[in-house]
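A.B. asks: Input structure: input07.txt, which contains compact mmCIF, C-alpha atoms.
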```
# COMPACT_ATOMS: atom_id res chain seq x y z
CA MET A 1 -0.21 2.07 26.53
CA LEU A 2 -3.85 2.04 27.55
CA ASP A 3 -5.72 5.22 28.40
CA LEU A 4 -5.80 5.58 32.20
CA LYS A 5 -9.42 6.72 32.03
CA PHE A 6 -10.30 3.55 30.12
CA ILE A 7 -8.57 1.44 32.79
CA ARG A 8 -10.37 3.29 35.57
CA GLU A 9 -13.78 2.84 33.93
CA ASN A 10 -13.25 -0.73 32.67
CA PRO A 11 -11.10 -2.54 35.24
CA GLN A 12 -12.57 -5.98 34.57
CA ILE A 13 -11.99 -5.75 30.80
CA VAL A 14 -8.38 -4.80 31.45
CA ARG A 15 -7.96 -7.52 34.08
CA ASP A 16 -9.34 -10.12 31.66
CA ALA A 17 -6.87 -8.93 28.99
CA ILE A 18 -3.97 -9.21 31.46
CA GLY A 19 -5.00 -12.76 32.34
CA ARG A 20 -5.58 -13.89 28.77
CA LYS A 21 -2.20 -12.54 27.70
CA ARG A 22 -0.62 -14.19 30.73
CA GLU A 23 0.95 -10.99 32.06
CA LYS A 24 1.54 -10.01 35.67
CA ASP A 25 -1.51 -8.29 37.16
CA ARG A 26 -0.54 -4.84 38.51
CA LEU A 27 -4.04 -3.41 38.19
CA ASP A 28 -4.83 -3.04 41.89
CA GLU A 29 -1.62 -1.08 42.44
CA ILE A 30 -2.38 1.13 39.44
CA LEU A 31 -5.95 1.88 40.54
CA GLN A 32 -4.87 2.59 44.12
CA LEU A 33 -2.07 4.90 43.01
CA ASP A 34 -4.41 6.63 40.56
CA GLY A 35 -6.94 7.23 43.35
CA GLU A 36 -4.29 8.69 45.65
CA ARG A 37 -2.97 10.85 42.81
CA ARG A 38 -6.41 12.28 42.05
CA LYS A 39 -7.03 13.12 45.72
CA LEU A 40 -3.62 14.80 45.94
CA LEU A 41 -4.37 16.70 42.74
CA GLN A 42 -7.60 18.03 44.26
CA LYS A 43 -5.72 19.17 47.37
CA ALA A 44 -3.08 20.86 45.22
CA GLU A 45 -5.76 22.68 43.22
CA ALA A 46 -7.43 23.86 46.45
CA ILE A 47 -4.10 25.16 47.79
CA LYS A 48 -3.39 26.89 44.48
CA ASN A 49 -6.76 28.64 44.60
CA GLU A 50 -6.09 29.76 48.21
CA ARG A 51 -2.65 31.05 47.23
CA ASN A 52 -4.11 32.96 44.28
CA LYS A 53 -6.76 34.56 46.53
CA ILE A 54 -4.07 35.62 48.99
CA ALA A 55 -1.97 37.05 46.16
CA GLY A 56 -4.98 39.06 45.00
CA GLU A 57 -5.63 40.35 48.50
CA VAL A 58 -1.95 41.31 48.93
CA ALA A 59 -2.10 43.28 45.68
CA ARG A 60 -5.29 45.07 46.84
CA LEU A 61 -3.80 46.00 50.22
CA LYS A 62 -0.63 47.33 48.61
CA GLN A 63 -2.67 49.43 46.19
CA GLN A 64 -4.46 50.97 49.18
CA GLY A 65 -1.13 51.55 50.96
CA ASN A 66 -1.94 49.07 53.73
CA ASP A 67 0.39 46.58 55.41
CA ALA A 68 0.29 43.08 53.81
CA THR A 69 3.10 41.45 55.80
CA ASP A 70 0.96 38.79 57.47
CA LEU A 71 -0.74 37.85 54.19
CA ILE A 72 2.59 37.67 52.38
CA ALA A 73 3.85 35.24 55.05
CA GLU A 74 0.67 33.19 54.72
CA GLY A 75 1.08 33.20 50.94
CA LYS A 76 4.61 31.83 51.29
CA VAL A 77 3.33 28.99 53.47
CA LYS A 78 0.74 28.15 50.79
CA ALA A 79 3.39 28.31 48.06
CA ASP A 80 5.66 25.94 49.97
CA SER A 81 2.75 23.57 50.58
CA LEU A 82 1.81 23.69 46.89
CA LYS A 83 5.37 22.86 45.83
CA SER A 84 5.42 19.91 48.24
CA HIS A 85 2.13 18.60 46.80
CA GLU A 86 3.37 19.10 43.21
CA ASP A 87 6.60 17.22 43.96
CA GLN A 88 4.56 14.33 45.39
CA LEU A 89 2.30 14.42 42.32
CA LYS A 90 5.28 14.29 39.99
CA GLU A 91 6.69 11.30 41.85
CA MET A 92 3.31 9.52 41.77
CA GLU A 93 2.81 10.19 38.06
CA THR A 94 6.28 8.86 37.24
CA LYS A 95 5.55 5.64 39.14
CA LEU A 96 2.08 5.37 37.61
CA ASN A 97 3.44 5.78 34.06
CA GLU A 98 6.05 3.10 34.73
CA LEU A 99 3.34 0.68 35.89
CA LEU A 100 1.16 1.48 32.86
CA LEU A 101 4.00 0.41 30.55
CA TYR A 102 3.51 -3.17 31.80
CA VAL A 103 -0.22 -3.32 31.06
CA PRO A 104 -0.88 -5.17 27.77
CA ASN A 105 -3.25 -4.10 25.04
CA VAL A 106 -6.84 -5.36 25.17
CA PRO A 107 -7.65 -7.99 22.50
CA HIS A 108 -10.29 -7.03 19.95
CA SER A 109 -13.68 -8.70 20.33
CA SER A 110 -13.07 -10.76 17.17
CA VAL A 111 -9.96 -12.44 18.64
CA PRO A 112 -10.64 -16.05 19.71
CA VAL A 113 -10.04 -16.84 23.37
CA GLY A 114 -7.30 -19.40 23.91
CA THR A 115 -4.21 -20.18 25.95
CA SER A 116 -1.63 -21.15 23.31
CA SER A 117 -0.84 -21.32 19.59
CA GLU A 118 -2.71 -24.64 19.48
CA GLU A 119 -5.93 -22.62 19.68
CA ASN A 120 -5.15 -20.23 16.83
CA VAL A 121 -7.73 -20.35 14.06
CA GLU A 122 -6.87 -21.05 10.43
CA THR A 123 -8.85 -18.61 8.28
CA ARG A 124 -7.68 -19.73 4.84
CA ARG A 125 -4.86 -21.35 2.90
CA TRP A 126 -3.50 -20.93 -0.60
CA GLY A 127 -1.43 -22.95 -3.05
CA GLU A 128 -0.73 -26.57 -3.83
CA LEU A 129 0.39 -28.30 -0.67
CA ARG A 130 2.93 -31.00 -1.55
CA THR A 131 4.33 -32.97 1.37
CA ALA A 132 7.51 -35.06 1.19
CA LYS A 133 5.59 -38.13 0.06
CA ASP A 134 4.26 -36.22 -2.98
CA PHE A 135 7.77 -35.90 -4.43
CA ASP A 136 9.27 -38.79 -6.42
CA PHE A 137 12.71 -38.19 -4.90
CA LYS A 138 14.10 -37.75 -1.39
CA LEU A 139 13.68 -34.15 -0.32
CA LEU A 140 16.54 -32.37 1.41
CA ASP A 141 15.82 -29.83 4.13
CA HIS A 142 16.95 -26.25 3.48
CA LEU A 143 20.08 -26.53 5.59
CA THR A 144 21.36 -29.71 3.95
CA LEU A 145 20.46 -28.45 0.48
CA GLY A 146 21.89 -24.98 1.03
CA GLU A 147 25.21 -26.32 2.30
CA LYS A 148 25.39 -28.91 -0.49
CA LEU A 149 24.90 -26.16 -3.08
CA GLY A 150 27.42 -23.89 -1.32
CA ILE A 151 24.94 -21.03 -0.92
CA LEU A 152 24.56 -21.09 2.89
CA ASP A 153 27.34 -21.32 5.46
CA PHE A 154 26.15 -21.47 9.07
CA GLY A 155 29.46 -22.95 10.21
CA ARG A 156 31.53 -19.93 9.22
CA GLY A 157 28.82 -17.61 10.52
CA SER A 158 29.22 -19.33 13.87
CA LYS A 159 33.00 -18.93 13.64
CA ILE A 160 33.00 -15.20 12.95
CA THR A 161 30.12 -14.28 15.30
CA GLY A 162 28.36 -17.18 16.98
CA ALA A 163 25.47 -19.59 16.52
CA GLY A 164 22.43 -18.12 14.83
CA PHE A 165 24.26 -15.76 12.46
CA PRO A 166 24.01 -17.10 8.88
CA VAL A 167 26.31 -16.37 5.95
CA TYR A 168 24.87 -16.30 2.42
CA VAL A 169 27.33 -17.23 -0.33
CA GLY A 170 27.32 -16.65 -4.09
CA LYS A 171 23.92 -17.33 -5.58
CA GLY A 172 22.53 -17.64 -2.06
CA ALA A 173 23.50 -14.02 -1.38
CA ALA A 174 22.06 -12.98 -4.74
CA LEU A 175 18.81 -14.83 -4.00
CA GLU A 176 18.49 -13.14 -0.60
CA ARG A 177 19.06 -9.72 -2.17
CA ALA A 178 16.57 -10.55 -4.93
CA LEU A 179 13.88 -11.40 -2.38
CA ILE A 180 14.37 -8.08 -0.57
CA ASN A 181 14.33 -6.00 -3.78
CA PHE A 182 11.34 -7.88 -5.19
CA MET A 183 9.27 -7.31 -2.05
CA LEU A 184 10.22 -3.63 -1.74
CA ASP A 185 9.38 -2.99 -5.39
CA LEU A 186 6.03 -4.76 -5.10
CA HIS A 187 4.96 -2.88 -1.98
CA VAL A 188 6.14 0.51 -3.26
CA ARG A 189 5.08 0.30 -6.91
CA GLU A 190 1.91 -1.81 -6.64
CA HIS A 191 0.67 -1.34 -3.06
CA GLY A 192 1.43 2.36 -2.59
CA TYR A 193 3.90 2.29 0.30
CA THR A 194 6.67 4.86 0.69
CA GLU A 195 10.09 3.26 0.99
CA ILE A 196 12.17 4.00 4.08
CA PHE A 197 15.75 2.93 4.77
CA PRO A 198 16.00 3.39 8.55
CA PRO A 199 18.86 3.17 11.07
CA PHE A 200 19.49 -0.32 12.45
CA VAL A 201 20.06 1.04 15.97
CA VAL A 202 17.55 3.01 18.03
CA ASN A 203 17.32 4.76 21.38
CA GLN A 204 15.30 3.82 24.44
CA ALA A 205 12.43 6.15 23.57
CA SER A 206 11.94 4.35 20.25
CA MET A 207 11.93 0.92 21.88
CA ARG A 208 9.49 2.15 24.50
CA GLY A 209 7.25 3.73 21.87
CA THR A 210 6.52 0.44 20.10
CA GLY A 211 6.31 -1.65 23.27
CA GLN A 212 9.62 -3.55 23.33
CA LEU A 213 10.70 -1.75 26.48
CA PRO A 214 10.54 -2.25 29.33
CA LYS A 215 8.96 -5.70 29.11
CA MET A 216 11.20 -7.38 26.52
CA GLY A 217 14.50 -5.68 27.21
CA GLU A 218 16.32 -8.96 27.87
CA ASP A 219 15.53 -10.19 24.34
CA MET A 220 17.24 -7.20 22.71
CA TYR A 221 20.85 -6.50 21.84
CA HIS A 222 21.85 -3.45 23.90
CA CYS A 223 24.92 -1.28 23.28
CA GLU A 224 25.44 -0.10 26.85
CA ILE A 225 28.10 2.56 26.19
CA ASP A 226 25.79 4.50 23.85
CA ASP A 227 22.52 3.22 25.37
CA LEU A 228 21.33 2.14 21.92
CA TYR A 229 19.55 -1.03 20.80
CA LEU A 230 19.93 -3.11 17.64
CA VAL A 231 16.51 -3.18 16.02
CA PRO A 232 14.48 -6.38 16.49
CA THR A 233 12.39 -5.27 13.49
CA ALA A 234 12.10 -2.19 11.27
CA GLU A 235 8.73 -1.62 12.94
CA VAL A 236 10.64 0.18 15.71
CA PRO A 237 12.48 2.90 13.75
CA VAL A 238 9.72 3.31 11.14
CA THR A 239 6.88 3.73 13.66
CA ASN A 240 9.01 6.21 15.60
CA LEU A 241 9.57 8.32 12.49
CA ARG A 242 6.37 10.13 13.48
CA ARG A 243 6.86 10.10 17.25
CA ASP A 244 5.65 13.32 18.93
CA GLU A 245 4.01 14.48 15.69
CA VAL A 246 0.47 15.46 14.69
CA LEU A 247 -0.38 14.13 11.23
CA PRO A 248 -2.77 16.07 9.00
CA LEU A 249 -5.87 14.16 7.93
CA ASN A 250 -4.89 14.17 4.26
CA GLU A 251 -1.78 12.11 5.07
CA LEU A 252 -3.84 9.18 6.39
CA PRO A 253 -3.40 6.38 5.77
CA THR A 254 0.38 6.81 5.82
CA LYS A 255 2.07 3.64 4.55
CA TYR A 256 5.78 2.84 4.85
CA ALA A 257 7.82 -0.12 3.60
CA ALA A 258 11.32 -0.66 4.95
CA TYR A 259 14.09 -3.23 4.76
CA SER A 260 16.28 -3.87 7.77
CA ALA A 261 18.39 -6.55 9.30
CA CYS A 262 16.72 -7.73 12.52
CA PHE A 263 18.51 -8.76 15.71
CA ARG A 264 17.03 -10.85 18.52
CA ARG A 265 18.89 -12.48 21.40
CA GLU A 266 16.34 -15.26 21.98
CA ALA A 267 16.96 -18.26 19.81
CA GLY A 268 14.47 -20.85 21.06
CA SER A 269 15.23 -24.44 21.92
CA TRP A 270 17.94 -26.66 20.54
CA GLY A 271 17.21 -29.49 18.14
CA LYS A 272 15.06 -29.59 15.03
CA GLU A 273 13.19 -26.43 16.10
CA SER A 274 16.38 -24.38 15.70
CA ARG A 275 18.10 -25.92 12.66
CA GLY A 276 19.31 -23.49 10.02
CA PHE A 277 16.97 -20.56 9.54
CA LEU A 278 14.27 -21.84 11.90
CA ARG A 279 15.76 -19.83 14.79
CA VAL A 280 18.43 -17.21 14.18
CA HIS A 281 19.74 -14.15 15.99
CA GLN A 282 20.03 -12.09 12.80
CA PHE A 283 17.73 -12.15 9.78
CA ASN A 284 16.45 -9.86 7.05
CA LYS A 285 12.95 -8.52 6.75
CA VAL A 286 10.84 -6.09 4.74
CA GLU A 287 8.44 -4.42 7.16
CA LEU A 288 5.16 -2.65 6.42
CA VAL A 289 3.90 0.07 8.78
CA LYS A 290 0.64 2.04 8.62
CA PHE A 291 -0.76 5.08 10.44
CA VAL A 292 -4.53 5.19 9.97
CA LYS A 293 -7.76 6.71 11.23
CA PRO A 294 -9.22 4.67 14.12
CA GLU A 295 -12.46 3.86 12.33
CA GLU A 296 -10.54 2.41 9.36
CA SER A 297 -7.90 0.38 11.16
CA TYR A 298 -9.52 -3.05 10.91
CA ASP A 299 -10.22 -2.64 7.19
CA GLU A 300 -6.60 -1.56 6.80
CA LEU A 301 -5.47 -4.67 8.68
CA GLU A 302 -7.21 -6.89 6.11
CA LYS A 303 -5.58 -4.91 3.28
CA LEU A 304 -2.21 -5.31 4.96
CA VAL A 305 -2.63 -9.08 5.09
CA ALA A 306 -3.64 -9.08 1.42
CA ASP A 307 -0.46 -7.16 0.49
CA VAL A 308 1.62 -9.80 2.24
CA GLU A 309 -0.30 -12.66 0.66
CA GLU A 310 0.38 -11.32 -2.82
CA VAL A 311 4.11 -11.73 -2.25
CA LEU A 312 3.65 -15.45 -1.61
CA GLN A 313 1.20 -15.87 -4.46
CA LEU A 314 3.64 -14.32 -6.94
CA LEU A 315 6.38 -16.61 -5.61
CA ASN A 316 3.93 -19.55 -5.77
CA ILE A 317 4.69 -20.64 -2.22
CA PRO A 318 1.84 -22.35 -0.34
CA TYR A 319 0.73 -20.65 2.86
CA ARG A 320 -2.03 -20.39 5.42
CA VAL A 321 -3.40 -17.43 7.39
CA MET A 322 -3.84 -17.94 11.13
CA LEU A 323 -5.87 -15.69 13.42
CA LEU A 324 -4.04 -15.65 16.75
CA CYS A 325 -5.93 -16.40 19.94
CA THR A 326 -5.62 -14.26 23.06
CA GLY A 327 -2.96 -16.47 24.63
CA ASP A 328 -0.68 -16.20 21.57
CA LEU A 329 -1.25 -12.51 20.94
CA SER A 330 1.70 -10.18 21.52
CA PHE A 331 1.85 -7.72 24.41
CA SER A 332 1.05 -4.71 22.20
CA ALA A 333 -1.38 -6.14 19.62
CA ALA A 334 -5.17 -5.94 19.71
CA LYS A 335 -5.48 -8.40 16.80
CA CYS A 336 -2.93 -10.33 14.75
CA TYR A 337 -2.77 -12.67 11.78
CA ASP A 338 0.23 -14.93 11.24
CA ILE A 339 1.01 -15.97 7.67
CA GLU A 340 2.74 -19.35 7.69
CA VAL A 341 4.57 -20.78 4.67
CA PHE A 342 4.82 -24.49 4.03
CA ALA A 343 8.23 -26.17 3.80
CA PRO A 344 7.79 -29.86 2.84
CA ALA A 345 11.15 -31.15 4.14
CA THR A 346 10.97 -29.39 7.51
CA GLU A 347 9.83 -31.61 10.36
CA ALA A 348 9.40 -28.80 12.90
CA ARG A 349 5.78 -27.72 13.33
CA ALA A 350 4.72 -30.13 10.56
CA GLY A 351 6.35 -27.89 7.98
CA TRP A 352 4.36 -24.74 8.78
CA LEU A 353 6.66 -21.78 9.46
CA GLU A 354 5.63 -18.29 10.48
CA ALA A 355 6.97 -15.82 7.90
CA SER A 356 4.83 -12.81 8.74
CA SER A 357 2.76 -11.33 11.54
CA CYS A 358 0.26 -8.59 10.70
CA SER A 359 -1.01 -6.66 13.71
CA ASN A 360 -3.37 -3.86 14.62
CA PHE A 361 -2.20 -2.08 17.77
CA GLU A 362 -5.08 0.41 17.74
CA SER A 363 -3.88 3.45 19.77
CA PHE A 364 -1.61 1.41 22.07
CA GLN A 365 1.68 2.34 20.38
CA ALA A 366 0.47 5.81 19.43
CA ARG A 367 -0.11 6.69 23.10
CA ARG A 368 3.38 5.54 24.02
CA ALA A 369 4.98 7.36 21.06
CA ASN A 370 2.56 10.33 21.11
CA ILE A 371 1.50 10.07 17.47
CA LYS A 372 -1.70 11.98 16.72
CA PHE A 373 -3.74 13.39 13.86
CA LYS A 374 -6.24 16.22 13.42
CA ARG A 375 -9.48 15.82 11.51
CA ASP A 376 -9.48 19.56 10.75
CA PRO A 377 -7.39 22.59 11.79
CA LYS A 378 -9.74 23.44 14.68
CA SER A 379 -10.31 19.94 16.05
CA LYS A 380 -8.58 18.41 19.05
CA PRO A 381 -5.74 16.01 18.14
CA GLU A 382 -6.57 12.28 18.39
CA PHE A 383 -4.28 9.27 18.56
CA VAL A 384 -3.81 7.42 15.28
CA HIS A 385 -4.05 3.67 15.05
CA THR A 386 -0.80 1.91 14.08
CA LEU A 387 -0.45 -1.34 12.18
CA ASN A 388 2.52 -3.31 11.00
CA GLY A 389 3.27 -6.55 9.19
CA SER A 390 6.26 -8.48 7.92
CA GLY A 391 6.19 -8.22 4.18
CA LEU A 392 8.05 -10.64 4.64
CA ALA A 393 10.88 -12.08 6.75
CA THR A 394 13.32 -13.70 4.33
CA SER A 395 14.67 -16.40 6.67
CA ARG A 396 11.54 -18.59 6.79
CA LEU A 397 10.72 -17.60 3.21
CA MET A 398 14.12 -18.91 2.12
CA VAL A 399 13.37 -22.25 3.82
CA ALA A 400 10.08 -22.62 1.95
CA LEU A 401 11.61 -21.52 -1.34
CA LEU A 402 14.53 -23.94 -1.26
CA GLU A 403 12.39 -26.89 -0.20
CA ASN A 404 9.48 -26.29 -2.59
CA TYR A 405 11.63 -25.49 -5.62
CA GLN A 406 14.29 -28.20 -5.37
CA THR A 407 14.71 -30.69 -8.23
CA PRO A 408 15.58 -34.42 -8.33
CA GLU A 409 19.11 -33.41 -9.39
CA GLY A 410 19.58 -31.43 -6.15
CA LYS A 411 19.22 -28.05 -7.83
CA VAL A 412 16.84 -25.20 -7.00
CA ILE A 413 14.64 -23.47 -9.55
CA VAL A 414 14.43 -19.70 -9.03
CA PRO A 415 10.79 -18.52 -8.93
CA LYS A 416 9.83 -16.65 -12.09
CA ALA A 417 9.07 -13.45 -10.17
CA LEU A 418 12.67 -13.33 -8.91
CA GLN A 419 14.55 -14.19 -12.08
CA LYS A 420 14.91 -10.60 -13.31
CA TYR A 421 16.41 -9.75 -9.92
CA THR A 422 18.84 -12.69 -9.74
CA GLY A 423 19.92 -12.83 -13.38
CA PHE A 424 19.80 -16.65 -13.24
CA THR A 425 17.05 -19.25 -13.30
CA VAL A 426 18.64 -22.21 -11.51
CA ILE A 427 20.95 -22.70 -8.55
CA GLY A 428 23.19 -25.73 -8.82
```
Rewrite the coordinates I just gave you, this time as structure tokens.

C.D. replies:
Amino acid sequence: MLDLKFIRENPQIVRDAIGRKREKDRLDEILQLDGERRKLLQKAEAIKNERNKIAGEVARLKQQGNDATDLIAEGKVKADSLKSHEDQLKEMETKLNELLLYVPNVPHSSVPVGTSSEENVETRRWGELRTAKDFDFKLLDHLTLGEKLGILDFGRGSKITGAGFPVYVGKGAALERALINFMLDLHVREHGYTEIFPPFVVNQASMRGTGQLPKMGEDMYHCEIDDLYLVPTAEVPVTNLRRDEVLPLNELPTKYAAYSACFRREAGSWGKESRGFLRVHQFNKVELVKFVKPEESYDELEKLVADVEEVLQLLNIPYRVMLLCTGDLSFSAAKCYDIEVFAPATEARAGWLEASSCSNFESFQARRANIKFKRDPKSKPEFVHTLNGSGLATSRLMVALLENYQTPEGKVIVPKALQKYTGFTVIG
């Protein structure tokens, strides 16, 4: 959520952000309602002052033994008027807060202006990029290879739940578990994150705090009886761990790493864009979340990206880092990098698959979730800046791993970094 004062003082900046993120422009309604609210607030304050003066005069007359009946009646009129004004203010503020929830975050000045992912900017790439023609045998895509090896079963996943719910089998299940444990260990032991194992369902306040509600409610799995949501990412429960809290300065930066299953109703288009793991309703992810001082948040964003990159470097999977343009930036983010892995047998998007997004939300989420810090015991609390990144999502990572590490015999070599977690070196 943006600061209302910032919106009032910088309407054009906010309007530009709304347009560049292709959101509905509610700014005129917000500014008009804010103006009416401020005028009503002034009237309420004036009535309150008049009521207080009358109350003081009533007390003085009573002390002197004089009749205060007329003033008491006048005071009651003022009290009733004040209550009416306060009820109107409460109604206005509720409506205003609801409107503010639909205003997107303002992109940082370093974010390139653009209308779609085609205008994202590649900042760097890493690893040996081998396309299908660089292999001396016919490459199989991850779905064909996984089913041939008996380690993935999308058909039975569809039978027991529906399309987009994968089943990992045997060494496939072990490889998935190895990826999760490897990433958690790296981030906790080497990068200094504290491990969290959060609930996989959250309440409305948690979804609202990180920006999923109200805008993206239709994309979420909602348990209506309990009014709970399956988490679309561990970002939601982990960020809300500190909701309505004031963090002491010596706890910043606070860094959490968490595994969760992730659930999303949207599944994209049919065809090659949705084969296998390219679009699923349920997938696994290790998420990284940071609470930091505002002046350090962009340095911390670069460190976050570096933590994610190290995972791919240790797995020896080629990748590129993309700086998202304004038109591809999420509703809540001020700046975001996507880390895309390369899968040589995947035709969709020329083999480049997003496996991580690393975002700085500045104070946008912290305002919604009321997460603050104090620089010293006597200072006024300030909003922290929140960051998060996938460290990483295993679904796209599994695609890249299977396709980059397959052999002419149709087997898959297990990356060296994972072998102590799997207990085997080859699948097949």

A.B. asks: Determine, counting all atoms listed in the file, which protein, DNA and RNA residues have an atom within 12 Å of an atom of region 240-249 of chain A; residues of the same chain fewer than 5 positions away are not included. Present the result as number ranges by chain.

C.D. replies: A: 196-199, 202-211, 234-235, 254-256, 258, 289-294, 365-386

A.B. asks: Considering all atoms listed in the file, can you say which of A:Glu195, A:Lys416, A:Lys171, A:Arg264 comes closest to Asp219 (chain A)?

C.D. replies: A:Arg264

A.B. asks: What's around Gly155 (chain A) at 9 Å? Count only C-alpha atoms, leave out sequence neighbours fewer than 6 positions away in its own chain, and write the answer as a list in words.

C.D. replies: Gly162, Ala163, Pro166 and Val167 of chain A

A.B. asks: Print the selection's residues with C-alpha atoms to a file, as a PDB file, in the coordinates of the input.

C.D. replies:
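Output below, filename selection.pdb:
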```
ATOM      1  CA  GLY A 162      28.360 -17.180  16.980  1.00  0.00           C
ATOM      2  CA  ALA A 163      25.470 -19.590  16.520  1.00  0.00           C
ATOM      3  CA  PRO A 166      24.010 -17.100   8.880  1.00  0.00           C
ATOM      4  CA  VAL A 167      26.310 -16.370   5.950  1.00  0.00           C
TER       5      VAL A 167
END
```

A.B. asks: Select all residues near (3.5, 20.4, 44.0) (cut-off 10 Å, inclusive, file coordinates), counting only C-alpha atoms, and output them as a PyMOL selection string.

C.D. replies: chain A and resi 40-41+43-45+47-48+79-91

A.B. asks: Under the rule of at most 10 Å, produce a per-residue listing of region 58-145 of chain A near region 212-216 of chain A: chain, number, name, the closest pair of atoms, and the distance in Å, as CSV, using all atoms listed in the file.

C.D. replies:
```
residue,atom,partner,partner_atom,distance
A:Glu98,CA,A:Pro214,CA,8.8
A:Leu101,CA,A:Pro214,CA,7.2
A:Tyr102,CA,A:Lys215,CA,6.6
A:Val103,CA,A:Lys215,CA,9.7
A:Pro104,CA,A:Lys215,CA,9.9
```

A.B. asks: What is the CA of Ile180 (chain A)-CA of Cys336 (chain A) distance in Å, reported with one decimal?

C.D. replies: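 Separation between CA of Ile180 (chain A) and CA of Cys336 (chain A): 23.2 Å.
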
A.B. asks: What is the distance between CA of Glu29 (chain A) and CA of Leu4 (chain A), in Å to one decimal?

C.D. replies: 12.9 Å

A.B. asks: Please provide as a ChimeraX atom specification all residues within 12 Å of Asp185 (chain A), with the sequence filter that same-chain residues fewer than 3 positions apart are discarded (counting all atoms listed in the file).

C.D. replies: /A:178-182,188-195,257-259,286,311,391,417-418,421

A.B. asks: Given the choices A:Ala306, A:Leu278, A:Leu392, A:Val414, which gets closest to Arg349 (chain A) if the distance is worked out from only C-alpha atoms?

C.D. replies: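 Of A:Ala306, A:Leu278, A:Leu392, A:Val414, the one nearest Arg349 (chain A), counting only C-alpha atoms, is A:Leu278.
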
A.B. asks: Point out the residue among A:Asn250, A:Thr326, A:Thr144, A:Ser390 with the least atom-to-atom distance to Leu402 (chain A), counting all atoms listed in the file.

C.D. replies: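 The answer is A:Thr144, which sits nearest to Leu402 (chain A).
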
A.B. asks: Would you work out the distance separating CA of Asn49 (chain A) from CA of Leu71 (chain A), expressed in Å to one decimal?

C.D. replies: 14.6 Å

A.B. asks: Using only C-alpha atoms, determine which residues lie at most 10 Å from Gly146 (chain A), disregarding the query and same-chain residues fewer than 2 positions distant; provide the list as a tab-separated table (two decimals) with C-alpha atoms, in the coordinates of the input.

C.D. replies:
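Generated output (out-v7.tsv):
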```
chain	number	residue	atom	x	y	z
A	140	LEU	CA	16.54	-32.37	1.41
A	141	ASP	CA	15.82	-29.83	4.13
A	142	HIS	CA	16.95	-26.25	3.48
A	143	LEU	CA	20.08	-26.53	5.59
A	144	THR	CA	21.36	-29.71	3.95
A	148	LYS	CA	25.39	-28.91	-0.49
A	149	LEU	CA	24.90	-26.16	-3.08
A	150	GLY	CA	27.42	-23.89	-1.32
A	151	ILE	CA	24.94	-21.03	-0.92
A	152	LEU	CA	24.56	-21.09	2.89
A	153	ASP	CA	27.34	-21.32	5.46
A	154	PHE	CA	26.15	-21.47	9.07
A	168	TYR	CA	24.87	-16.30	2.42
A	169	VAL	CA	27.33	-17.23	-0.33
A	172	GLY	CA	22.53	-17.64	-2.06
A	276	GLY	CA	19.31	-23.49	10.02
A	398	MET	CA	14.12	-18.91	2.12
A	399	VAL	CA	13.37	-22.25	3.82
A	402	LEU	CA	14.53	-23.94	-1.26
A	403	GLU	CA	12.39	-26.89	-0.20
A	410	GLY	CA	19.58	-31.43	-6.15
A	411	LYS	CA	19.22	-28.05	-7.83
A	412	VAL	CA	16.84	-25.20	-7.00
A	427	ILE	CA	20.95	-22.70	-8.55
A	428	GLY	CA	23.19	-25.73	-8.82
```

A.B. asks: Choose the residue, out of A:Pro253, A:Pro318, A:Pro107, A:Gly65, that has the smallest atom-to-atom separation from Val14 (chain A); count all atoms listed in the file.

C.D. replies: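 Distance minimum relative to Val14 (chain A) lands on A:Pro107.
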
A.B. asks: Hey, what's within 9 Å of region 19-27 of chain A if we count only C-alpha atoms and toss same-chain stuff fewer than 3 positions away? As a PDB file with C-alpha atoms, in the coordinates of the input, please?

C.D. replies:
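Printed below is result_24.pdb as written:
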```pdb
ATOM      1  CA  ILE A   7      -8.570   1.440  32.790  1.00  0.00           C
ATOM      2  CA  PRO A  11     -11.100  -2.540  35.240  1.00  0.00           C
ATOM      3  CA  VAL A  14      -8.380  -4.800  31.450  1.00  0.00           C
ATOM      4  CA  ARG A  15      -7.960  -7.520  34.080  1.00  0.00           C
ATOM      5  CA  ASP A  16      -9.340 -10.120  31.660  1.00  0.00           C
ATOM      6  CA  ILE A  30      -2.380   1.130  39.440  1.00  0.00           C
ATOM      7  CA  LEU A  31      -5.950   1.880  40.540  1.00  0.00           C
ATOM      8  CA  GLN A  32      -4.870   2.590  44.120  1.00  0.00           C
ATOM      9  CA  LEU A  99       3.340   0.680  35.890  1.00  0.00           C
ATOM     10  CA  LEU A 100       1.160   1.480  32.860  1.00  0.00           C
ATOM     11  CA  TYR A 102       3.510  -3.170  31.800  1.00  0.00           C
ATOM     12  CA  VAL A 103      -0.220  -3.320  31.060  1.00  0.00           C
ATOM     13  CA  PRO A 104      -0.880  -5.170  27.770  1.00  0.00           C
ATOM     14  CA  ASN A 105      -3.250  -4.100  25.040  1.00  0.00           C
ATOM     15  CA  VAL A 106      -6.840  -5.360  25.170  1.00  0.00           C
ATOM     16  CA  PRO A 107      -7.650  -7.990  22.500  1.00  0.00           C
ATOM     17  CA  VAL A 113     -10.040 -16.840  23.370  1.00  0.00           C
ATOM     18  CA  GLY A 114      -7.300 -19.400  23.910  1.00  0.00           C
ATOM     19  CA  THR A 115      -4.210 -20.180  25.950  1.00  0.00           C
ATOM     20  CA  THR A 326      -5.620 -14.260  23.060  1.00  0.00           C
ATOM     21  CA  GLY A 327      -2.960 -16.470  24.630  1.00  0.00           C
ATOM     22  CA  ASP A 328      -0.680 -16.200  21.570  1.00  0.00           C
ATOM     23  CA  LEU A 329      -1.250 -12.510  20.940  1.00  0.00           C
ATOM     24  CA  SER A 330       1.700 -10.180  21.520  1.00  0.00           C
ATOM     25  CA  PHE A 331       1.850  -7.720  24.410  1.00  0.00           C
TER      26      PHE A 331
END
```
